[in-house]
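Shown next: start_34.cif, given as mmCIF, C-alpha atoms and all ligand atoms.
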data_final
#
loop_
_atom_site.label_atom_id
_atom_site.label_comp_id
_atom_site.auth_asym_id
_atom_site.auth_seq_id
_atom_site.Cartn_x
_atom_site.Cartn_y
_atom_site.Cartn_z
CA MET H 26 -9.53 10.71 13.28
CA SER H 27 -12.27 12.02 11.00
CA LEU H 28 -11.48 12.05 7.28
CA GLU H 29 -13.64 15.10 6.58
CA GLY H 30 -11.44 17.63 4.75
CA LYS H 31 -8.28 15.52 5.09
CA VAL H 32 -5.95 15.18 2.08
CA ALA H 33 -5.01 11.64 1.03
CA VAL H 34 -2.57 10.42 -1.63
CA VAL H 35 -2.92 6.87 -2.98
CA THR H 36 -0.31 5.26 -5.25
CA GLY H 37 -1.44 2.58 -7.70
CA ALA H 38 -4.91 4.15 -7.53
CA ALA H 39 -6.10 3.39 -11.07
CA ALA H 40 -7.16 -0.21 -10.36
CA GLY H 41 -7.57 -2.98 -7.84
CA ILE H 42 -6.88 -2.32 -4.16
CA GLY H 43 -5.70 1.28 -4.76
CA LYS H 44 -8.98 2.11 -6.52
CA ALA H 45 -10.93 0.70 -3.56
CA PHE H 46 -8.73 2.71 -1.13
CA SER H 47 -9.41 5.90 -3.11
CA GLU H 48 -13.16 5.22 -3.09
CA ILE H 49 -13.41 4.60 0.66
CA LEU H 50 -11.27 7.63 1.55
CA PHE H 51 -13.31 9.85 -0.83
CA ARG H 52 -16.66 8.55 0.44
CA ASN H 53 -15.59 9.31 4.02
CA GLY H 54 -14.95 12.95 3.18
CA ALA H 55 -11.26 13.11 2.16
CA LYS H 56 -9.77 14.92 -0.81
CA VAL H 57 -8.00 12.17 -2.73
CA VAL H 58 -5.04 12.42 -5.10
CA LEU H 59 -4.70 9.34 -7.28
CA LEU H 60 -1.18 8.51 -8.52
CA ASP H 61 -0.61 5.86 -11.17
CA VAL H 62 1.27 5.10 -14.38
CA ASN H 63 -2.05 4.07 -15.95
CA GLU H 64 -3.34 7.45 -17.11
CA SER H 65 -6.63 6.35 -18.69
CA GLY H 66 -7.52 4.15 -15.69
CA GLY H 67 -6.56 6.86 -13.19
CA LYS H 68 -8.55 9.56 -14.99
CA SER H 69 -11.63 7.37 -15.17
CA VAL H 70 -11.49 6.65 -11.41
CA MET H 71 -11.11 10.41 -10.79
CA GLU H 72 -14.05 11.26 -13.04
CA ALA H 73 -16.29 8.62 -11.47
CA LEU H 74 -15.49 9.92 -7.95
CA ASN H 75 -16.00 13.57 -8.89
CA LYS H 76 -19.46 12.69 -10.22
CA GLU H 77 -20.42 11.60 -6.69
CA ASP H 78 -20.42 15.22 -5.48
CA SER H 79 -19.75 18.65 -6.96
CA GLN H 80 -16.56 19.56 -5.08
CA ASP H 81 -13.85 18.11 -7.37
CA ARG H 82 -12.22 16.39 -4.39
CA ALA H 83 -10.50 13.75 -6.54
CA LEU H 84 -7.43 14.54 -8.66
CA PHE H 85 -5.42 12.17 -10.85
CA LEU H 86 -1.70 12.79 -11.41
CA SER H 87 0.46 10.58 -13.58
CA CYS H 88 3.33 9.29 -11.42
CA ASP H 89 5.72 6.34 -11.50
CA VAL H 90 6.70 5.47 -7.91
CA GLN H 91 10.13 4.42 -9.16
CA SER H 92 10.89 8.10 -9.85
CA GLU H 93 11.79 10.32 -6.89
CA GLU H 94 11.41 13.33 -9.18
CA GLN H 95 7.84 12.39 -10.20
CA LEU H 96 6.86 11.64 -6.61
CA LYS H 97 8.20 14.99 -5.39
CA ALA H 98 6.35 16.81 -8.18
CA ALA H 99 3.10 14.96 -7.39
CA PHE H 100 3.30 15.77 -3.66
CA LYS H 101 4.11 19.42 -4.43
CA THR H 102 1.06 19.66 -6.72
CA THR H 103 -1.06 17.94 -4.05
CA ALA H 104 0.03 20.39 -1.35
CA GLU H 105 -0.47 23.40 -3.63
CA THR H 106 -3.92 22.20 -4.76
CA PHE H 107 -5.37 20.99 -1.47
CA GLY H 108 -3.19 22.76 1.14
CA GLY H 109 -1.15 19.87 2.62
CA ILE H 110 -1.06 16.09 2.94
CA ASP H 111 -2.50 14.07 5.86
CA ILE H 112 -2.60 10.50 4.54
CA LEU H 113 -0.33 8.50 2.21
CA CYS H 114 -1.14 4.99 0.99
CA ASN H 115 2.02 3.47 -0.49
CA ASN H 116 0.03 0.89 -2.43
CA ALA H 117 1.48 0.55 -5.96
CA GLY H 118 2.99 -2.89 -6.40
CA ILE H 119 3.63 -5.65 -8.91
CA LEU H 120 4.36 -9.37 -8.81
CA ASN H 121 7.06 -10.35 -11.31
CA GLU H 122 9.73 -12.85 -10.30
CA LYS H 123 11.12 -12.74 -13.85
CA ASP H 124 11.77 -8.99 -13.66
CA TRP H 125 12.66 -9.16 -9.99
CA GLU H 126 14.70 -5.95 -9.94
CA ARG H 127 11.64 -4.03 -11.15
CA THR H 128 9.62 -5.76 -8.41
CA VAL H 129 12.11 -4.49 -5.79
CA GLY H 130 12.14 -1.05 -7.46
CA ILE H 131 8.37 -0.62 -7.25
CA ASN H 132 7.38 -2.64 -4.16
CA LEU H 133 10.22 -1.61 -1.84
CA VAL H 134 12.27 1.28 -3.24
CA GLY H 135 9.05 2.99 -4.43
CA VAL H 136 7.61 2.79 -0.90
CA ILE H 137 10.77 4.28 0.63
CA LYS H 138 10.94 7.06 -1.99
CA GLY H 139 7.23 7.83 -1.52
CA THR H 140 7.57 7.95 2.26
CA TYR H 141 10.60 10.24 2.27
CA ALA H 142 9.05 12.59 -0.31
CA ALA H 143 5.82 12.75 1.74
CA LEU H 144 7.70 13.49 4.98
CA GLU H 145 8.73 16.83 3.46
CA HIS H 146 5.05 17.85 3.55
CA MET H 147 3.62 15.75 6.40
CA SER H 148 6.26 15.79 9.15
CA LYS H 149 5.68 18.27 11.94
CA LEU H 150 9.47 18.80 11.86
CA ASN H 151 9.03 20.29 8.36
CA GLY H 152 5.96 22.39 9.20
CA GLY H 153 3.45 19.67 8.22
CA ARG H 154 0.35 18.61 10.14
CA GLY H 155 1.45 15.01 10.80
CA GLY H 156 -0.91 12.21 9.77
CA VAL H 157 -0.71 8.56 8.80
CA ILE H 158 1.16 6.45 6.22
CA VAL H 159 -0.02 2.94 5.32
CA ASN H 160 2.10 0.56 3.22
CA THR H 161 0.24 -2.16 1.32
CA ALA H 162 2.28 -5.27 2.18
CA SER H 163 0.88 -8.82 1.97
CA ILE H 164 0.43 -11.94 4.06
CA ALA H 165 3.31 -13.16 1.85
CA GLY H 166 5.46 -10.70 3.83
CA ILE H 167 4.76 -12.71 6.99
CA LYS H 168 4.24 -16.24 5.62
CA PRO H 169 6.50 -16.35 2.54
CA LEU H 170 5.22 -17.67 -0.77
CA PRO H 171 7.83 -20.11 -2.16
CA SER H 172 6.88 -19.37 -5.76
CA CYS H 173 7.43 -15.63 -5.20
CA PRO H 174 10.59 -15.18 -3.10
CA VAL H 175 11.43 -11.65 -4.26
CA TYR H 176 7.80 -10.50 -3.97
CA SER H 177 7.70 -12.00 -0.44
CA ALA H 178 10.98 -10.28 0.45
CA THR H 179 9.68 -6.87 -0.67
CA LYS H 180 6.54 -7.34 1.41
CA SER H 181 8.50 -8.38 4.55
CA ALA H 182 10.65 -5.30 3.95
CA VAL H 183 7.77 -2.83 3.77
CA ILE H 184 6.36 -4.26 7.00
CA GLY H 185 9.77 -3.77 8.66
CA PHE H 186 10.05 -0.28 7.17
CA ALA H 187 6.64 0.76 8.55
CA ARG H 188 7.44 -0.64 12.01
CA ALA H 189 10.84 1.07 12.17
CA MET H 190 9.44 4.37 10.85
CA ALA H 191 6.70 4.24 13.50
CA ILE H 192 9.35 4.17 16.23
CA ALA H 193 11.49 6.79 14.45
CA SER H 194 8.44 9.05 14.18
CA THR H 195 7.63 8.72 17.88
CA MET H 196 11.24 9.36 18.87
CA ALA H 197 11.82 12.28 16.50
CA GLY H 198 8.35 13.87 16.70
CA TYR H 199 7.14 13.63 13.07
CA GLY H 200 3.54 13.31 14.28
CA ILE H 201 2.97 10.57 11.70
CA ARG H 202 1.67 7.04 12.37
CA PHE H 203 3.02 4.23 10.17
CA ASN H 204 1.20 0.94 9.57
CA ALA H 205 1.26 -1.99 7.13
CA LEU H 206 -1.76 -3.73 5.63
CA CYS H 207 -1.27 -7.40 4.75
CA PRO H 208 -3.99 -8.87 2.55
CA ALA H 209 -4.19 -12.51 1.52
CA LEU H 210 -5.37 -13.23 -2.03
CA VAL H 211 -7.40 -10.38 -3.47
CA GLU H 212 -9.51 -10.34 -6.63
CA THR H 213 -7.32 -8.09 -8.87
CA GLU H 214 -5.20 -8.17 -12.01
CA LEU H 215 -2.12 -8.93 -9.91
CA LEU H 216 -3.22 -12.59 -9.83
CA ALA H 217 -3.58 -12.79 -13.65
CA SER H 218 -1.04 -14.38 -16.04
CA LEU H 219 0.80 -16.15 -13.21
CA THR H 220 2.75 -18.44 -15.55
CA GLU H 221 4.61 -15.50 -17.10
CA LYS H 222 5.12 -13.68 -13.80
CA LEU H 223 6.69 -16.57 -11.86
CA GLY H 224 9.78 -16.85 -14.13
CA GLN H 225 12.13 -19.61 -12.89
CA PHE H 226 9.54 -20.50 -10.20
CA THR H 227 6.90 -21.56 -12.72
CA VAL H 228 7.67 -25.10 -11.53
CA LEU H 229 5.90 -24.09 -8.29
CA GLU H 230 2.83 -22.71 -10.05
CA GLN H 231 0.60 -25.68 -9.23
CA PRO H 232 0.84 -25.47 -5.40
CA THR H 233 0.27 -21.72 -5.67
CA ARG H 234 -2.87 -22.29 -7.74
CA GLN H 235 -4.01 -24.80 -5.10
CA LEU H 236 -3.64 -22.03 -2.52
CA LEU H 237 -6.04 -19.94 -4.59
CA ASP H 238 -8.48 -22.82 -4.92
CA LYS H 239 -8.29 -23.64 -1.20
CA HIS H 240 -8.59 -20.12 0.24
CA GLY H 241 -10.39 -18.21 -2.51
CA VAL H 242 -10.00 -14.50 -3.07
CA ILE H 243 -11.34 -11.55 -1.12
CA LYS H 244 -12.88 -8.41 -2.56
CA THR H 245 -10.93 -5.14 -2.70
CA SER H 246 -13.69 -3.47 -0.63
CA VAL H 247 -12.85 -5.78 2.32
CA VAL H 248 -9.22 -4.64 2.19
CA ALA H 249 -10.40 -1.02 1.98
CA GLU H 250 -12.39 -1.40 5.23
CA CYS H 251 -9.12 -2.45 6.92
CA LEU H 252 -7.36 0.62 5.50
CA LEU H 253 -10.10 2.79 6.99
CA GLU H 254 -9.45 1.25 10.42
CA LEU H 255 -5.68 1.86 10.22
CA VAL H 256 -6.18 5.44 9.06
CA THR H 257 -8.92 6.51 11.47
CA ASP H 258 -7.93 4.65 14.66
CA GLU H 259 -5.26 6.88 16.18
CA THR H 260 -4.12 4.12 18.56
CA LYS H 261 -2.75 2.12 15.60
CA ASN H 262 0.95 2.77 15.05
CA GLY H 263 3.62 0.27 13.95
CA GLU H 264 0.92 -2.34 13.27
CA ALA H 265 0.65 -4.99 10.56
CA LEU H 266 -3.03 -5.80 9.94
CA MET H 267 -3.63 -9.11 8.14
CA VAL H 268 -6.87 -9.78 6.26
CA SER H 269 -8.05 -12.95 4.53
CA SER H 270 -11.28 -14.79 3.75
CA LYS H 271 -11.26 -15.89 7.42
CA GLY H 272 -11.31 -12.32 8.80
CA GLN H 273 -8.78 -9.82 10.07
CA MET H 274 -6.07 -9.96 12.75
CA TYR H 275 -3.14 -7.82 13.93
CA ALA H 276 0.22 -9.59 13.57
CA THR H 277 2.26 -10.17 16.71
CA PHE H 278 6.03 -10.16 16.54
CA PRO H 279 8.41 -11.96 18.89
CA SER H 280 10.24 -9.94 21.49
CA ILE H 281 13.80 -11.07 22.02
CA PRO H 282 14.49 -10.17 25.67
CA PRO H 283 18.26 -10.78 25.86
CA LEU H 284 18.83 -8.67 22.74
CA GLU H 285 16.13 -6.09 23.31
CA VAL H 286 17.30 -2.49 23.27
CA GLU H 287 14.87 0.01 24.77
CA LEU H 288 14.26 2.59 22.03
CA SER H 289 11.04 4.29 23.00
N1 LIG T 301 -4.08 -8.92 -5.38
C1 LIG T 301 -3.58 -9.57 -4.35
O1 LIG T 301 -3.83 -10.77 -4.15
C2 LIG T 301 -2.73 -8.83 -3.35
C3 LIG T 301 -2.56 -9.41 -2.09
C4 LIG T 301 -1.77 -8.76 -1.16
C5 LIG T 301 -1.20 -7.55 -1.45
N2 LIG T 301 -1.37 -7.00 -2.69
C6 LIG T 301 -0.71 -5.73 -2.95
O2 LIG T 301 -1.69 -4.73 -3.19
C7 LIG T 301 -1.11 -3.68 -3.96
C8 LIG T 301 -2.03 -3.36 -5.11
O3 LIG T 301 -2.10 -4.49 -5.96
P1 LIG T 301 -3.42 -4.93 -6.73
O4 LIG T 301 -3.67 -6.32 -6.36
O5 LIG T 301 -4.48 -3.92 -6.56
O6 LIG T 301 -2.86 -4.93 -8.21
P2 LIG T 301 -3.39 -4.26 -9.54
O7 LIG T 301 -2.46 -4.74 -10.59
O8 LIG T 301 -4.83 -4.45 -9.71
O9 LIG T 301 -3.15 -2.69 -9.29
C9 LIG T 301 -1.88 -2.14 -9.17
C10 LIG T 301 -1.89 -0.69 -9.62
O10 LIG T 301 -0.57 -0.17 -9.44
C11 LIG T 301 -0.21 0.55 -10.60
N3 LIG T 301 1.25 0.57 -10.73
C12 LIG T 301 2.08 -0.45 -11.09
N4 LIG T 301 3.34 -0.02 -11.15
C13 LIG T 301 3.32 1.29 -10.80
C14 LIG T 301 4.32 2.28 -10.68
N5 LIG T 301 5.61 2.01 -10.96
N6 LIG T 301 3.96 3.52 -10.28
C15 LIG T 301 2.68 3.81 -10.04
N7 LIG T 301 1.68 2.92 -10.16
C16 LIG T 301 2.00 1.68 -10.54
C17 LIG T 301 -0.88 -0.20 -11.74
O11 LIG T 301 -0.98 0.60 -12.91
C18 LIG T 301 -2.22 -0.54 -11.11
O12 LIG T 301 -3.15 0.47 -11.31
C19 LIG T 301 0.27 -4.18 -4.38
O13 LIG T 301 1.25 -3.61 -3.54
C20 LIG T 301 0.18 -5.67 -4.15
O14 LIG T 301 1.43 -6.25 -3.92
C21 LIG T 301 -2.13 -7.61 -3.62
C1 LIG T 302 0.69 -16.03 -6.86
C2 LIG T 302 -0.16 -15.48 -5.79
C3 LIG T 302 0.41 -14.20 -5.34
C4 LIG T 302 -0.38 -13.55 -4.27
C5 LIG T 302 0.39 -12.48 -3.62
C6 LIG T 302 -0.38 -11.81 -2.58
O1 LIG T 302 0.30 -10.71 -2.03
C7 LIG T 302 -0.96 -12.69 -1.54
C8 LIG T 302 -0.38 -13.63 -0.77
C9 LIG T 302 -1.18 -14.32 0.21
C10 LIG T 302 -0.89 -15.37 0.93
C11 LIG T 302 0.35 -16.05 1.01
C12 LIG T 302 0.45 -17.20 1.65
C13 LIG T 302 1.65 -18.02 1.73
C14 LIG T 302 1.63 -19.30 2.13
C15 LIG T 302 2.81 -20.19 2.08
O2 LIG T 302 3.63 -20.02 3.20
C16 LIG T 302 2.45 -21.66 1.93
O3 LIG T 302 1.54 -22.05 2.93
C17 LIG T 302 1.87 -21.89 0.60
C18 LIG T 302 2.50 -23.04 -0.11
C19 LIG T 302 1.99 -23.10 -1.51
C20 LIG T 302 3.05 -22.69 -2.49
O4 LIG T 302 2.87 -21.68 -3.18
O5 LIG T 302 4.06 -23.38 -2.59
#
Full structure transcribed into structure tokens:
Amino acid sequence: MSLEGKVAVVTGAAAGIGKAFSEILFRNGAKVVLLDVNESGGKSVMEALNKEDSQDRALFLSCDVQSEEQLKAAFKTTAETFGGIDILCNNAGILNEKDWERTVGINLVGVIKGTYAALEHMSKLNGGRGGVIVNTASIAGIKPLPSCPVYSATKSAVIGFARAMAIASTMAGYGIRFNALCPALVETELLASLTEKLGQFTVLEQPTRQLLDKHGVIKTSVVAECLLELVTDETKNGEALMVSSKGQMYATFPSIPPLEVELS
């Protein structure tokens, strides 16, 4: 699928991985709507992108993914401004074991709210053009991080949500592909101030830091290249793409023959 003229929405676009997603989508020809709670960061990413050509293809809208109302308003503005939505990156996320309910609210509930609000514009059942939705999960959603049990749980959940929605979409005819992207450790602010973020699991901070020392961190641009693959390769549906300093690999999940129910 070519990105020329396509309309993409990225949550958590003001910094880190979301900023890199916005840049790669924009530079491949998409119109990109950047959603974030960080207004100054979001506006500066928008302005930097719009300086790259003269078509004003980047738009920042302030939006907290915890709010269904704000998400619906942002998608409505996107559709009215650019004439539809083809791509959604549910990327906004935090790591905070101390405020674990907020972590669930942003990392999991925010992804579900974003997806359902986007379906109103993207699903062929609602008059949309179809397209692709990618959830930013984490390798911690496949290989749990003991110091971050709630974070790990939210990331397993968004992988499961993408896989189930992929089957639902095929069965119901939404015309939307659903995938999850699972990075290892990435050079962003999410890895800063770990001591405060781990809460009662601060006792496990040392082995987590050793993980960082052992494996290092990857650049956001490497993760963005993986997003491009999931968005443009129309054969990818219900996939979880892992990426680390060792390279990239699609996750395989066990089939459970005696319990398997044929759904598609
Ligand atoms: N950095 C890593 O090592 C790593 C690894 C795997 C997965 N991830 C995931 O990647 C995603 C992006 O994280 P990052 O590393 O770029 O972090 P980051 O902190 O650099 O960026 C996160 C962005 O999300 C925004 N945000 C936070 N809460 C929000 C909300 N309620 N509504 C809208 N925007 C909000 C922030 O303002 C920020 O701009 C997250 O889902 C994270 O879990 C990160
Ligand atoms: C505090 C770092 C948070 C990073 C979150 C991010 O989403 C990336 C996670 C990437 C990799 C996770 C790997 C998990 C490995 C564990 O199963 C185990 O091997 C590590 C044991 C070390 C420990 O923390 O106890």
I'd like a table as a tab-separated table: residues in region 37-142 of chain H with an atom no more than 6 Å from region 146-170 of chain H, each row giving the shortest atom pair and its distance in Å to one decimal, all atoms listed in the file counted, sorted by chain and rising residue number.
residue	atom	partner	partner_atom	distance
H:Ile110	CA	H:Met147	CA	5.8
H:Asp111	CA	H:Gly156	CA	4.6
H:Ile112	CA	H:Val157	CA	5.0
H:Leu113	CA	H:Ile158	CA	4.7
H:Cys114	CA	H:Val159	CA	4.9
H:Asn115	CA	H:Asn160	CA	4.7
H:Asn116	CA	H:Thr161	CA	4.8
What are the closest atom pairs, with distances in Å to one decimal, for each residue of chain H lying within 10 Å of ligand LIG 302 (chain T), using all atoms listed in the file, rows by chain and rising residue number, as a tab-separated table?
residue	atom	partner	partner_atom	distance
H:Gly118	CA	T:LIG302	O1	9.4
H:Ile119	CA	T:LIG302	O1	9.2
H:Leu120	CA	T:LIG302	C3	7.1
H:Asn121	CA	T:LIG302	C1	9.6
H:Thr161	CA	T:LIG302	O1	9.2
H:Ala162	CA	T:LIG302	O1	7.2
H:Ser163	CA	T:LIG302	O1	4.5
H:Ile164	CA	T:LIG302	C9	4.8
H:Ala165	CA	T:LIG302	C11	4.2
H:Gly166	CA	T:LIG302	O1	7.8
H:Ile167	CA	T:LIG302	C13	8.1
H:Lys168	CA	T:LIG302	O2	4.5
H:Pro169	CA	T:LIG302	O2	4.7
H:Leu170	CA	T:LIG302	C13	4.4
H:Pro171	CA	T:LIG302	O5	5.0
H:Ser172	CA	T:LIG302	O4	5.3
H:Cys173	CA	T:LIG302	C1	7.0
H:Tyr176	CA	T:LIG302	C5	7.7
H:Ser177	CA	T:LIG302	O1	7.7
H:Lys180	CA	T:LIG302	O1	7.9
H:Cys207	CA	T:LIG302	O1	7.7
H:Pro208	CA	T:LIG302	C7	6.4
H:Ala209	CA	T:LIG302	C9	3.7
H:Leu210	CA	T:LIG302	C7	4.5
H:Val211	CA	T:LIG302	C7	7.1
H:Glu212	CA	T:LIG302	C4	10.0
H:Thr213	CA	T:LIG302	C4	10.0
H:Leu215	CA	T:LIG302	C3	7.4
H:Leu216	CA	T:LIG302	C2	5.8
H:Ala217	CA	T:LIG302	C1	8.7
H:Ser218	CA	T:LIG302	C1	9.5
H:Leu219	CA	T:LIG302	C1	6.4
H:Thr220	CA	T:LIG302	C1	9.3
H:Lys222	CA	T:LIG302	C1	8.6
H:Leu223	CA	T:LIG302	C1	7.8
H:Phe226	CA	T:LIG302	O4	9.8
H:Val228	CA	T:LIG302	O5	9.8
H:Leu229	CA	T:LIG302	O5	6.0
H:Glu230	CA	T:LIG302	O4	6.9
H:Gln231	CA	T:LIG302	O4	7.6
H:Pro232	CA	T:LIG302	C20	4.6
H:Thr233	CA	T:LIG302	O4	3.6
H:Arg234	CA	T:LIG302	C1	7.3
H:Gln235	CA	T:LIG302	C19	7.2
H:Leu236	CA	T:LIG302	C19	5.8
H:Leu237	CA	T:LIG302	C2	7.5
H:His240	CA	T:LIG302	C10	9.1
H:Val242	CA	T:LIG302	C7	9.3
H:Met267	CA	T:LIG302	C9	9.8
H:Val268	CA	T:LIG302	C9	9.5
H:Ser269	CA	T:LIG302	C9	8.2
### Query
Could you work out how far CA of Leu59 (chain H) lies from CA of Ser47 (chain H), giving the answer in Å with one decimal?
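Value for the CA of Ser47 (chain H)-CA of Leu59 (chain H) distance: 7.2 Å.
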### Task
Using only C-alpha atoms and all ligand atoms, find the one residue out of H:Gln95, H:Gln80, H:Asn53, H:Thr257 that sits nearest to ligand LIG 301 (chain T).
H:Gln95
### Query
Of the residues H:Leu28, H:Ala117, H:Val175, H:Ala189, which is the one nearest to ligand LIG 301 (chain T), using only C-alpha atoms and all ligand atoms?
H:Ala117
### Task
Return the single residue from H:Ala40, H:Ala143, H:Ala104, H:Val32 that is closest to Arg82 (chain H), with distances computed using only C-alpha atoms.
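So, comparing all the options, the nearest one is H:Val32.
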### Query
Mind pulling up the distance from atom O14 of ligand LIG 301 (chain T) to CA of Phe203 (chain H)?
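Atom-to-atom, CA of Phe203 (chain H) to atom O14 of ligand LIG 301 (chain T), that is 17.6 Å.
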### Query
Looking at H:Tyr199, H:Phe85, H:Tyr275, H:Phe51, which one is nearest to ligand LIG 301 (chain T), with distances taken over only C-alpha atoms and all ligand atoms?
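Result for the nearest residue to ligand LIG 301 (chain T): H:Phe85.
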### Query
Which of these residues is nearest to ligand LIG 301 (chain T), using all atoms listed in the file: H:Arg188, H:Lys244, H:Lys76, H:Arg52?
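Among the listed residues, H:Lys244 lies closest to ligand LIG 301 (chain T).
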### Distance in Å - CA of Ala33 (chain H) versus CA of Glu145 (chain H)
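For CA of Ala33 (chain H) relative to CA of Glu145 (chain H), the distance reads 14.9 Å.
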Kindly provide, as JSON, the centre and edge lengths (Å, one decimal) of an axis-aligned box around all atoms of region 265-268 of chain H given in the file, with 5 Å on each side.
{"center_x": -3.1, "center_y": -7.4, "center_z": 8.4, "size_x": 17.5, "size_y": 14.8, "size_z": 14.3}
### Task
Find the residue from H:Leu60, H:Gly41, H:Leu266, H:Leu84 that sits nearest to Phe107 (chain H); use all atoms listed in the file when measuring.
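Counting all atoms listed in the file, the residue closest to Phe107 (chain H) is H:Leu84.
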